[in-house]
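Enquirer: Sending over data_30.cif (mmCIF, C-alpha atoms).
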data_data
#
loop_
_atom_site.label_atom_id
_atom_site.label_comp_id
_atom_site.auth_asym_id
_atom_site.auth_seq_id
_atom_site.Cartn_x
_atom_site.Cartn_y
_atom_site.Cartn_z
CA MET A 168 149.47 11.72 35.37
CA THR A 169 152.80 12.68 33.82
CA THR A 170 152.45 13.63 30.16
CA PRO A 171 155.08 12.63 27.54
CA ILE A 172 156.19 16.27 27.32
CA GLN A 173 156.60 16.52 31.10
CA LEU A 174 158.52 13.24 31.14
CA ALA A 175 160.83 14.50 28.38
CA GLU A 176 161.45 17.69 30.36
CA GLN A 177 162.23 15.68 33.49
CA LEU A 178 164.67 13.43 31.64
CA SER A 179 166.42 16.36 29.98
CA ALA A 180 166.98 17.90 33.41
CA THR A 181 168.57 14.74 34.87
CA THR A 182 172.16 13.60 34.59
CA LEU A 183 173.35 10.54 32.72
CA LEU A 184 175.38 7.74 34.33
CA ARG A 185 177.07 5.06 32.28
CA PHE A 186 177.90 1.99 34.34
CA ALA A 187 178.98 -1.59 33.78
CA THR A 188 178.52 -4.79 35.74
CA ALA A 189 181.28 -7.38 36.06
CA GLY A 190 182.19 -10.37 38.15
CA SER A 191 182.93 -14.06 38.07
CA VAL A 192 180.71 -16.71 36.49
CA ASP A 193 177.41 -17.26 38.31
CA ASP A 194 177.92 -14.34 40.67
CA GLY A 195 174.51 -13.04 39.57
CA LYS A 196 175.30 -10.09 37.31
CA SER A 197 172.38 -10.58 34.96
CA THR A 198 170.03 -11.28 37.87
CA LEU A 199 171.11 -8.02 39.51
CA VAL A 200 170.51 -6.11 36.30
CA GLY A 201 167.12 -7.77 35.85
CA ARG A 202 166.20 -6.92 39.44
CA LEU A 203 167.24 -3.29 38.91
CA LEU A 204 165.08 -3.04 35.80
CA HIS A 205 162.14 -4.88 37.36
CA ASP A 206 162.02 -3.11 40.71
CA SER A 207 162.58 0.33 39.18
CA LYS A 208 159.55 -0.28 36.90
CA SER A 209 161.72 -0.11 33.77
CA VAL A 210 160.44 -3.32 32.15
CA LEU A 211 157.52 -3.44 29.73
CA THR A 212 154.67 -5.89 30.31
CA ASP A 213 155.38 -7.90 27.15
CA GLN A 214 159.03 -8.29 28.21
CA LEU A 215 157.97 -9.68 31.58
CA GLU A 216 155.55 -12.05 29.87
CA ALA A 217 158.30 -13.30 27.55
CA VAL A 218 160.65 -13.86 30.49
CA ALA A 219 157.94 -15.69 32.42
CA LEU A 220 157.26 -17.96 29.43
CA ALA A 221 160.97 -18.69 28.88
CA SER A 222 161.40 -19.44 32.59
CA THR A 223 158.43 -21.83 32.55
CA ASN A 224 159.86 -23.63 29.52
CA ARG A 225 163.07 -24.15 31.49
CA GLY A 226 161.16 -25.65 34.42
CA GLN A 227 161.52 -22.67 36.74
CA GLU A 228 158.64 -21.71 39.00
CA ALA A 229 159.47 -18.00 39.26
CA PRO A 230 160.50 -15.68 36.39
CA ASP A 231 164.27 -15.65 35.88
CA LEU A 232 165.08 -11.94 35.80
CA ALA A 233 168.51 -12.68 34.29
CA LEU A 234 166.72 -13.33 31.00
CA LEU A 235 165.94 -9.62 30.74
CA THR A 236 169.59 -9.07 29.75
CA ASP A 237 170.78 -12.45 28.46
CA GLY A 238 169.35 -11.79 25.03
CA LEU A 239 171.31 -14.22 22.84
CA ARG A 240 169.87 -17.69 22.32
CA ALA A 241 173.17 -19.29 23.32
CA GLU A 242 173.13 -17.27 26.53
CA ARG A 243 169.66 -18.44 27.44
CA GLU A 244 170.44 -22.06 26.62
CA GLN A 245 173.66 -22.11 28.64
CA GLY A 246 172.55 -19.78 31.42
CA ILE A 247 175.60 -17.55 30.96
CA THR A 248 176.36 -14.10 29.60
CA ILE A 249 178.45 -14.08 26.41
CA ASP A 250 178.10 -10.66 24.83
CA VAL A 251 177.81 -7.19 26.36
CA ALA A 252 174.12 -6.41 26.85
CA TYR A 253 173.26 -2.71 26.89
CA ARG A 254 170.12 -1.50 28.61
CA TYR A 255 168.71 2.01 28.91
CA PHE A 256 166.47 3.05 31.79
CA ALA A 257 165.69 6.08 33.90
CA THR A 258 164.41 7.12 37.28
CA PRO A 259 163.14 10.59 38.23
CA ARG A 260 166.65 11.40 39.52
CA ARG A 261 168.92 10.10 36.74
CA ARG A 262 169.18 8.40 33.35
CA PHE A 263 171.29 5.25 32.95
CA ILE A 264 173.14 3.37 30.23
CA LEU A 265 173.96 -0.05 31.63
CA ALA A 266 176.42 -2.58 30.20
CA ASP A 267 176.05 -6.13 31.53
CA THR A 268 179.41 -7.75 30.75
CA PRO A 269 180.42 -11.45 30.73
CA GLY A 270 182.18 -13.13 33.62
CA HIS A 271 184.16 -15.82 31.79
CA VAL A 272 187.91 -15.36 31.40
CA GLN A 273 187.66 -15.81 27.62
CA TYR A 274 185.33 -12.80 27.45
CA THR A 275 187.61 -10.34 29.26
CA ARG A 276 187.73 -8.29 26.04
CA ASN A 277 183.96 -7.84 26.25
CA MET A 278 184.32 -6.46 29.76
CA VAL A 279 186.90 -3.98 28.42
CA THR A 280 184.41 -2.91 25.76
CA GLY A 281 181.59 -2.40 28.26
CA ALA A 282 183.70 -0.55 30.83
CA SER A 283 185.62 1.67 28.40
CA THR A 284 182.99 4.43 28.54
CA ALA A 285 181.69 3.73 32.06
CA GLU A 286 181.88 6.18 34.96
CA LEU A 287 181.10 3.40 37.43
CA ALA A 288 181.68 -0.36 37.58
CA VAL A 289 179.64 -2.75 39.72
CA VAL A 290 181.82 -5.78 40.56
CA LEU A 291 179.81 -8.68 41.97
CA VAL A 292 181.16 -11.26 44.39
CA ASP A 293 179.41 -14.44 45.53
CA ALA A 294 179.30 -14.19 49.33
CA ARG A 295 180.01 -17.93 49.56
CA ASN A 296 183.19 -17.77 47.47
CA GLY A 297 184.60 -14.36 48.35
CA VAL A 298 187.18 -12.57 46.22
CA VAL A 299 188.35 -14.93 43.47
CA GLU A 300 190.78 -14.64 40.56
CA GLN A 301 188.18 -13.20 38.17
CA THR A 302 187.17 -10.61 40.78
CA ARG A 303 190.74 -9.34 40.90
CA ARG A 304 190.93 -9.41 37.11
CA HIS A 305 187.86 -7.22 36.72
CA ALA A 306 189.06 -4.81 39.41
CA ALA A 307 192.35 -4.50 37.52
CA VAL A 308 190.55 -3.84 34.22
CA ALA A 309 188.44 -1.13 35.88
CA ALA A 310 191.64 0.47 37.20
CA LEU A 311 193.33 0.27 33.80
CA LEU A 312 190.34 1.94 32.15
CA ARG A 313 190.36 4.69 34.79
CA VAL A 314 186.78 3.99 35.90
CA PRO A 315 186.40 6.57 38.70
CA HIS A 316 183.84 4.73 40.87
CA VAL A 317 183.72 1.02 41.76
CA VAL A 318 180.89 -0.66 43.67
CA LEU A 319 181.55 -4.02 45.32
CA ALA A 320 178.21 -5.83 45.42
CA VAL A 321 178.51 -8.83 47.73
CA ASN A 322 175.69 -10.96 46.31
CA LYS A 323 173.80 -14.03 47.56
CA MET A 324 173.87 -12.84 51.16
CA ASP A 325 170.72 -14.93 51.66
CA LEU A 326 172.85 -18.06 51.22
CA VAL A 327 175.15 -17.10 54.12
CA ASP A 328 172.31 -16.16 56.47
CA TYR A 329 172.93 -12.44 55.90
CA ALA A 330 176.00 -12.66 58.13
CA GLU A 331 177.76 -9.32 58.65
CA PRO A 332 181.23 -10.87 59.30
CA VAL A 333 181.15 -12.56 55.89
CA PHE A 334 180.42 -9.27 54.17
CA ALA A 335 182.99 -7.35 56.23
CA ALA A 336 185.80 -9.79 55.41
CA ILE A 337 185.10 -9.71 51.67
CA ALA A 338 184.76 -5.91 51.64
CA GLU A 339 188.07 -5.48 53.47
CA GLU A 340 189.97 -7.80 51.12
CA PHE A 341 188.56 -6.26 47.93
CA THR A 342 188.97 -2.67 49.09
CA ALA A 343 192.63 -3.22 49.93
CA TYR A 344 193.29 -4.81 46.53
CA ALA A 345 191.40 -2.18 44.49
CA ALA A 346 193.01 0.67 46.42
CA SER A 347 196.46 -0.74 45.61
CA LEU A 348 195.53 -0.42 41.92
CA GLY A 349 194.69 3.24 42.35
CA VAL A 350 190.89 2.98 42.20
CA PRO A 351 189.84 6.34 43.72
CA GLU A 352 186.48 5.33 45.22
CA ILE A 353 185.16 1.96 46.39
CA THR A 354 181.70 1.38 47.88
CA ALA A 355 180.72 -2.03 49.30
CA ILE A 356 177.04 -3.05 49.45
CA PRO A 357 175.65 -6.41 50.71
CA ILE A 358 172.81 -7.62 48.46
CA SER A 359 170.67 -10.53 47.35
CA ALA A 360 169.78 -9.94 43.71
CA LEU A 361 167.43 -12.92 43.66
CA ALA A 362 165.44 -11.77 46.69
CA GLY A 363 165.85 -8.04 46.01
CA ASP A 364 167.68 -7.17 49.24
CA ASN A 365 169.44 -3.77 49.02
CA VAL A 366 169.06 -3.59 45.24
CA VAL A 367 166.24 -1.06 44.96
CA GLU A 368 164.64 -1.42 48.40
CA PRO A 369 166.50 -1.66 51.73
CA SER A 370 166.80 -5.16 53.15
CA ALA A 371 164.77 -6.18 56.19
CA HIS A 372 167.30 -8.96 56.85
CA MET A 373 170.41 -6.76 57.18
CA ASP A 374 169.59 -4.10 59.75
CA TRP A 375 173.32 -3.96 60.55
CA TYR A 376 173.91 -2.26 57.18
CA GLY A 377 173.20 1.46 57.13
CA GLY A 378 174.47 2.40 53.69
CA PRO A 379 172.63 3.03 50.41
CA THR A 380 170.97 0.46 48.19
CA VAL A 381 172.51 -0.17 44.79
CA LEU A 382 169.98 2.05 43.00
CA GLU A 383 170.28 4.80 45.59
CA HIS A 384 174.04 4.85 45.14
CA LEU A 385 173.70 4.87 41.36
CA GLU A 386 171.31 7.81 41.60
CA THR A 387 173.51 9.88 43.91
CA VAL A 388 177.12 9.10 42.98
CA PRO A 389 178.84 12.22 41.61
CA VAL A 390 179.11 12.05 37.83
CA SER A 391 182.68 13.09 37.11
CA HIS A 392 182.62 13.05 33.32
CA ASP A 393 182.35 16.81 32.87
CA LEU A 394 184.14 17.07 29.54
CA THR A 395 184.06 20.86 29.67
CA ALA A 396 186.68 20.80 32.43
CA CYS A 397 189.13 18.80 30.29
CA HIS A 398 191.75 19.99 27.81
CA ALA A 399 189.88 21.37 24.78
CA ARG A 400 190.06 19.05 21.77
CA PHE A 401 188.21 19.18 18.44
CA PRO A 402 188.87 16.36 15.93
CA VAL A 403 187.92 17.53 12.43
CA GLN A 404 185.48 15.10 10.86
CA TYR A 405 184.43 16.86 7.66
CA VAL A 406 185.33 19.99 5.69
CA ILE A 407 182.26 21.99 4.60
CA ARG A 408 182.77 24.17 1.57
CA PRO A 409 179.50 24.54 -0.42
CA GLN A 410 180.88 27.00 -3.05
CA THR A 411 177.35 28.14 -3.89
CA ALA A 412 176.08 31.56 -4.89
CA GLU A 413 174.73 32.01 -1.36
CA HIS A 414 177.97 30.85 0.33
CA PRO A 415 180.77 31.36 -2.19
CA ASP A 416 183.62 31.61 0.33
CA TYR A 417 182.29 29.56 3.24
CA ARG A 418 184.80 27.08 4.70
CA GLY A 419 183.95 25.31 7.95
CA TYR A 420 185.31 22.33 9.82
CA ALA A 421 182.65 20.05 11.24
CA GLY A 422 182.92 17.53 14.04
CA GLN A 423 182.09 16.75 17.64
CA ILE A 424 183.99 18.52 20.41
CA ALA A 425 185.77 15.70 22.25
CA ALA A 426 186.53 17.73 25.36
CA GLY A 427 186.69 21.25 26.72
CA VAL A 428 185.30 24.56 25.53
CA PHE A 429 186.00 26.62 22.38
CA ARG A 430 185.29 30.34 22.00
CA VAL A 431 185.20 32.75 19.09
CA GLY A 432 188.44 34.75 19.00
CA GLU A 433 190.46 32.01 20.71
CA THR A 434 193.91 31.17 19.31
CA VAL A 435 194.14 27.52 18.32
CA SER A 436 196.73 25.17 16.85
CA VAL A 437 195.97 22.87 13.94
CA LEU A 438 197.64 19.55 14.66
CA PRO A 439 199.76 17.78 13.62
CA SER A 440 200.96 20.62 11.33
CA GLY A 441 201.32 23.02 14.26
CA ARG A 442 199.95 26.03 12.34
CA THR A 443 198.16 28.57 14.55
CA THR A 444 195.14 30.71 13.80
CA THR A 445 192.09 32.11 15.58
CA ILE A 446 188.47 30.95 15.65
CA GLU A 447 186.47 33.35 13.49
CA GLY A 448 183.07 31.75 14.08
CA ILE A 449 181.24 28.74 15.47
CA ASP A 450 178.04 27.40 13.92
CA ALA A 451 175.75 25.10 15.90
CA LEU A 452 172.38 23.85 14.67
CA GLY A 453 172.34 26.44 11.92
CA GLU A 454 173.01 29.36 14.25
CA SER A 455 176.19 31.31 14.99
CA VAL A 456 177.31 31.06 18.62
CA ASP A 457 180.15 32.59 20.61
CA ILE A 458 180.98 29.49 22.65
CA ALA A 459 180.63 25.72 22.29
CA TRP A 460 181.54 22.82 24.56
CA ALA A 461 181.79 19.03 24.63
CA PRO A 462 180.06 16.95 23.46
CA GLN A 463 178.35 19.35 21.04
CA SER A 464 178.61 18.81 17.29
CA VAL A 465 179.54 22.10 15.64
CA THR A 466 181.23 23.69 12.66
CA ILE A 467 184.24 25.87 13.41
CA ARG A 468 185.36 28.64 11.00
CA LEU A 469 188.98 29.81 11.14
CA ALA A 470 190.34 33.29 10.44
CA ASP A 471 193.15 32.10 8.15
CA ASP A 472 192.90 30.00 5.02
CA ILE A 473 195.22 27.18 6.03
CA ASP A 474 195.27 23.50 5.13
CA VAL A 475 192.91 21.62 7.46
CA SER A 476 191.38 18.24 6.64
CA ARG A 477 189.68 15.25 8.24
CA GLY A 478 191.83 13.78 10.99
CA ASP A 479 193.39 17.08 12.04
CA LEU A 480 192.89 18.22 15.62
CA LEU A 481 192.15 21.75 16.85
CA ALA A 482 193.41 22.60 20.34
CA PRO A 483 194.18 25.80 22.26
CA ALA A 484 197.60 27.08 21.21
CA ASP A 485 198.76 27.21 24.84
CA ASP A 486 197.34 23.77 25.75
CA ALA A 487 198.06 21.54 22.79
CA PRO A 488 198.98 17.85 23.13
CA ALA A 489 202.45 16.63 22.21
CA ILE A 490 203.02 15.41 18.66
CA THR A 491 204.54 11.96 18.35
CA GLN A 492 205.10 9.05 16.01
CA ASP A 493 206.13 6.67 18.80
CA VAL A 494 203.14 5.47 20.79
CA GLU A 495 203.64 3.54 24.02
CA ALA A 496 200.42 2.17 25.42
CA THR A 497 198.61 -0.47 27.41
CA VAL A 498 196.35 -2.48 25.13
CA CYS A 499 193.70 -5.17 25.32
CA HIS A 500 193.83 -7.53 22.36
CA VAL A 501 190.27 -8.24 21.19
CA ALA A 502 190.76 -10.23 17.97
CA ASP A 503 191.04 -14.00 17.67
CA ARG A 504 194.18 -13.65 15.56
CA PRO A 505 197.30 -12.67 17.55
CA LEU A 506 199.12 -9.33 17.52
CA THR A 507 202.83 -9.84 16.80
CA VAL A 508 206.01 -7.76 16.78
CA GLY A 509 206.63 -6.33 13.31
CA GLN A 510 202.96 -6.54 12.32
CA ARG A 511 201.63 -3.83 10.00
CA VAL A 512 198.46 -2.22 11.27
CA LEU A 513 196.30 0.86 10.94
CA LEU A 514 196.01 3.08 14.01
CA LYS A 515 192.70 4.92 14.39
CA HIS A 516 192.75 7.87 16.80
CA THR A 517 189.60 10.02 16.89
CA THR A 518 188.94 10.82 13.21
CA ARG A 519 192.52 10.15 12.05
CA THR A 520 193.71 6.79 10.68
CA VAL A 521 197.39 6.23 9.88
CA LYS A 522 199.66 3.33 8.95
CA ALA A 523 201.75 1.89 11.76
CA ILE A 524 204.06 -0.95 12.74
CA VAL A 525 204.09 -2.81 16.04
CA LYS A 526 207.73 -2.24 16.99
CA ASP A 527 207.73 -4.08 20.30
CA ILE A 528 205.56 -5.90 22.83
CA PRO A 529 207.61 -5.37 26.00
CA SER A 530 205.33 -7.27 28.36
CA ARG A 531 202.06 -9.04 28.95
CA LEU A 532 200.17 -8.34 32.16
CA THR A 533 199.04 -11.21 34.37
CA LEU A 534 195.95 -9.73 35.97
CA ASP A 535 195.76 -12.39 38.69
CA ASP A 536 198.76 -10.98 40.57
CA LEU A 537 199.63 -7.94 38.37
CA SER A 538 202.97 -9.48 37.41
CA GLN A 539 204.61 -8.68 34.07
CA HIS A 540 205.55 -11.45 31.65
CA PRO A 541 208.44 -9.89 29.70
CA ALA A 542 208.86 -10.10 25.93
CA PRO A 543 205.89 -12.38 25.13
CA GLY A 544 206.40 -11.85 21.38
CA GLN A 545 202.67 -11.67 20.75
CA LEU A 546 199.32 -10.95 22.35
CA VAL A 547 196.37 -13.29 21.89
CA ALA A 548 192.65 -12.72 22.49
CA ASN A 549 191.88 -11.20 25.92
CA ASP A 550 195.56 -10.49 26.65
CA ILE A 551 196.45 -7.13 28.19
CA GLY A 552 199.97 -5.89 27.61
CA ARG A 553 202.31 -3.04 26.75
CA VAL A 554 203.07 -2.22 23.12
CA VAL A 555 205.28 0.23 21.26
CA VAL A 556 203.87 1.38 17.93
CA ARG A 557 205.57 3.54 15.28
CA THR A 558 203.21 5.52 13.06
CA ALA A 559 203.79 6.72 9.51
CA GLU A 560 202.44 10.17 10.34
CA PRO A 561 202.55 12.19 13.56
CA LEU A 562 199.63 12.04 15.99
CA ALA A 563 198.31 14.52 18.55
CA LEU A 564 197.76 11.98 21.29
CA ASP A 565 196.90 12.69 24.93
CA ALA A 566 197.74 10.33 27.77
CA TYR A 567 194.75 8.13 28.60
CA ALA A 568 195.04 9.20 32.25
CA ASP A 569 194.36 12.79 31.12
CA SER A 570 191.63 12.05 28.57
CA ARG A 571 189.83 8.78 28.00
CA ARG A 572 188.55 10.10 24.65
CA THR A 573 191.69 11.50 23.03
CA GLY A 574 194.04 9.10 24.81
CA SER A 575 192.48 5.96 23.34
CA PHE A 576 192.93 4.35 19.95
CA LEU A 577 192.31 1.20 17.93
CA LEU A 578 194.70 -1.01 15.99
CA ILE A 579 193.07 -2.32 12.82
CA ASP A 580 194.04 -5.03 10.34
CA PRO A 581 194.69 -3.17 7.05
CA ALA A 582 193.75 -6.24 5.01
CA ASP A 583 190.12 -6.59 6.07
CA GLY A 584 189.38 -3.80 8.57
CA THR A 585 189.11 -6.11 11.59
CA THR A 586 189.60 -4.39 14.95
CA LEU A 587 192.62 -6.04 16.55
CA THR A 588 193.41 -4.12 19.70
CA ALA A 589 192.05 -1.36 21.94
CA GLY A 590 194.79 0.91 23.24
CA MET A 591 195.26 3.35 26.11
CA ALA A 592 198.19 5.71 25.58
CA GLY A 593 200.68 6.34 28.36
CA ALA A 594 201.48 4.51 31.55
CA SER A 595 199.29 1.86 33.16
CA PHE A 596 198.85 1.46 36.90
CA THR A 597 202.00 -0.69 36.98
CA ALA A 598 205.54 0.20 35.97
CA ALA A 599 206.01 -0.47 32.31
CA THR A 600 208.76 -2.82 31.29
CA ASP A 601 211.60 -1.15 29.39
CA ALA A 602 211.08 -1.40 25.65
CA ALA A 603 213.41 -3.68 23.75
CA ALA A 604 215.53 -2.43 20.88
CA ASP A 605 213.72 -1.54 17.63
CA ALA A 606 213.54 -4.20 14.94
CA ASP A 607 215.95 -3.88 12.07
CA ALA A 608 214.49 -1.16 9.80
CA ALA A 609 216.21 -2.62 6.75
CA ALA A 610 214.03 -5.72 7.03
CA GLU A 611 210.81 -3.76 6.77
CA ASP A 612 208.80 -3.28 3.62
CA ALA A 613 209.65 0.07 2.03
CA GLU A 614 205.99 1.08 1.94
CA TRP A 615 205.80 0.70 5.70
CA ASP A 616 209.31 1.87 6.55
CA PHE A 617 209.01 5.11 8.48
#
Could you write out this structure as structure tokens?
Expert:
Amino acid sequence: MTTPIQLAEQLSATTLLRFATAGSVDDGKSTLVGRLLHDSKSVLTDQLEAVALASTNRGQEAPDLALLTDGLRAEREQGITIDVAYRYFATPRRRFILADTPGHVQYTRNMVTGASTAELAVVLVDARNGVVEQTRRHAAVAALLRVPHVVLAVNKMDLVDYAEPVFAAIAEEFTAYAASLGVPEITAIPISALAGDNVVEPSAHMDWYGGPTVLEHLETVPVSHDLTACHARFPVQYVIRPQTAEHPDYRGYAGQIAAGVFRVGETVSVLPSGRTTTIEGIDALGESVDIAWAPQSVTIRLADDIDVSRGDLLAPADDAPAITQDVEATVCHVADRPLTVGQRVLLKHTTRTVKAIVKDIPSRLTLDDLSQHPAPGQLVANDIGRVVVRTAEPLALDAYADSRRTGSFLLIDPADGTTLTAGMAGASFTAATDAAADADAAAEDAEWDF
């Protein structure tokens, strides 16, 4: 029998995969997730009993595995997924963080939230309906968010008599569309989440399919989120200066390494000021170390006594990001109130928050056919579009295509702190519409005129 210590050692030696499920309404996302959890023995007995009781109360003979993820009362009553449901499970080969995202059009913003940190997206398609508008929308969102791996799970194959031609036609159509968006890797798998075919165990009804099951693919897909291979970035979160008798001159800069590797003796730039210095020491877990890498939380000590505070960014002097006050980005608007041209906002990038103005909204993206609607004037909830933002202070911002962590930001309502918009700096997968002329600066409030 495996002891808790042995299990902990096994888990620490495995890799972690973050993945999200998406698809149209009633394609079976929650059922697939429930089947994954159930067949991989990742569900506790009391959870299964609660699901069985809820299913009986709804007049169902067999337990509805979708209830393992549809946790909100409204979700259970309506039989739909509303919010993003996160689940954590593990197999001997890998640990998983799973985000089950809604399928309704009005919850596109929730899909963006769930997929923003995912290395893989599972897009479900009902074999009876094929690729529909929402399927294309979710493929486009995965491409925008630079999700490196996409799995097309053609579900409900039992309702089309497990016919290979049906699967082949859907796989061909989806693969061509996703490839046109720039999705680097697409894997198609025929499944029946309700019956368990090709989810954890191979299907006895589809001997024509020789590929992996969903779980096998999740366990073996290369995890490409090695942050140590990225441009080194260290957002300063807190300045540590105890000024005690034991540490009278200690000054350290604490935070989590966002990407890359830092070494003692390395020359770094402090951004946005641009001052350069060298790393004198690195402290991790109370010990001095010579090297540290993402995503470790450390304290970095610098050789020179220069002005560094929360929100500053340390980067190698020969590999520093460009400094800018003009941010062009693709954004997903997540708030119920609209985002309008001329609106005053706060822009939060890593640990830095600055005042900003929305100077222009050049276009809104129609995800159905990837067409651009020029000059919409505003973005409403679930809209994806291009924005131009002018910040009061310079930012050290990477392109999202280069770094999902230091290329992303949030726009926040300064009045009440509500998150308005999630942004991805740089170009999207489509050609951005030319920005319109800047609004008249004389009409702006002096406090926000910059």
Enquirer: Any chance you could resolve the PyMOL selection byres ((chain A and resi 183) around 9) against this file and give the residues as a JSON list (two decimals) with C-alpha atoms, in the frame of the given file?
Expert:
[["chain", "number", "residue", "atom", "x", "y", "z"],
["A", 181, "THR", "CA", 168.57, 14.74, 34.87],
["A", 182, "THR", "CA", 172.16, 13.60, 34.59],
["A", 184, "LEU", "CA", 175.38, 7.74, 34.33],
["A", 185, "ARG", "CA", 177.07, 5.06, 32.28],
["A", 257, "ALA", "CA", 165.69, 6.08, 33.90],
["A", 261, "ARG", "CA", 168.92, 10.10, 36.74],
["A", 262, "ARG", "CA", 169.18, 8.40, 33.35],
["A", 263, "PHE", "CA", 171.29, 5.25, 32.95],
["A", 264, "ILE", "CA", 173.14, 3.37, 30.23],
["A", 390, "VAL", "CA", 179.11, 12.05, 37.83]]
Enquirer: Applied to the shown file, which residues does the PyMOL selection byres ((chain A and resi 472-486) around 6) return, written as a compact mmCIF listing (two decimals) with C-alpha atoms, in the coordinates of the input?
Expert:
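Written file, expr-v9.txt:
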# COMPACT_ATOMS: atom_id res chain seq x y z
CA ALA A 399 189.88 21.37 24.78
CA ARG A 400 190.06 19.05 21.77
CA PHE A 401 188.21 19.18 18.44
CA PRO A 402 188.87 16.36 15.93
CA VAL A 403 187.92 17.53 12.43
CA GLN A 404 185.48 15.10 10.86
CA TYR A 405 184.43 16.86 7.66
CA THR A 434 193.91 31.17 19.31
CA VAL A 435 194.14 27.52 18.32
CA SER A 436 196.73 25.17 16.85
CA VAL A 437 195.97 22.87 13.94
CA LEU A 438 197.64 19.55 14.66
CA ASP A 471 193.15 32.10 8.15
CA ALA A 487 198.06 21.54 22.79
CA THR A 518 188.94 10.82 13.21
CA ARG A 519 192.52 10.15 12.05
Enquirer: For His540 of chain A, list every protein, DNA or RNA residue within 7 Å, evaluated using all atoms listed in the file, and leave out those in the same chain fewer than 3 positions away; present the list as a tab-separated table (two decimals) with C-alpha atoms, in the frame of the given file.
Expert:
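Dumped everything to around-v3.tsv:
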chain	number	residue	atom	x	y	z
A	530	SER	CA	205.33	-7.27	28.36
A	531	ARG	CA	202.06	-9.04	28.95
A	532	LEU	CA	200.17	-8.34	32.16
A	543	PRO	CA	205.89	-12.38	25.13
Enquirer: Measuring between only C-alpha atoms, which one of A:Asp583, A:Asp536, A:Asp450, A:Asp193 shows the shortest distance to Arg304 of chain A?
Expert: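 That would be A:Asp536, the residue with the smallest distance to Arg304 of chain A.
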Enquirer: Using all atoms listed in the file, which of A:Leu199, A:Leu546, A:Ala461, A:Ala362 sits nearest Leu265 of chain A?
Expert: A:Leu199
Enquirer: Within 7 Å of (205.2, 4.9, 18.4), in the coordinates the file gives, what residues turn up when you count only C-alpha atoms, written out as an MDAnalysis selection string?
Expert: chainID A and resid 492:495 555:558
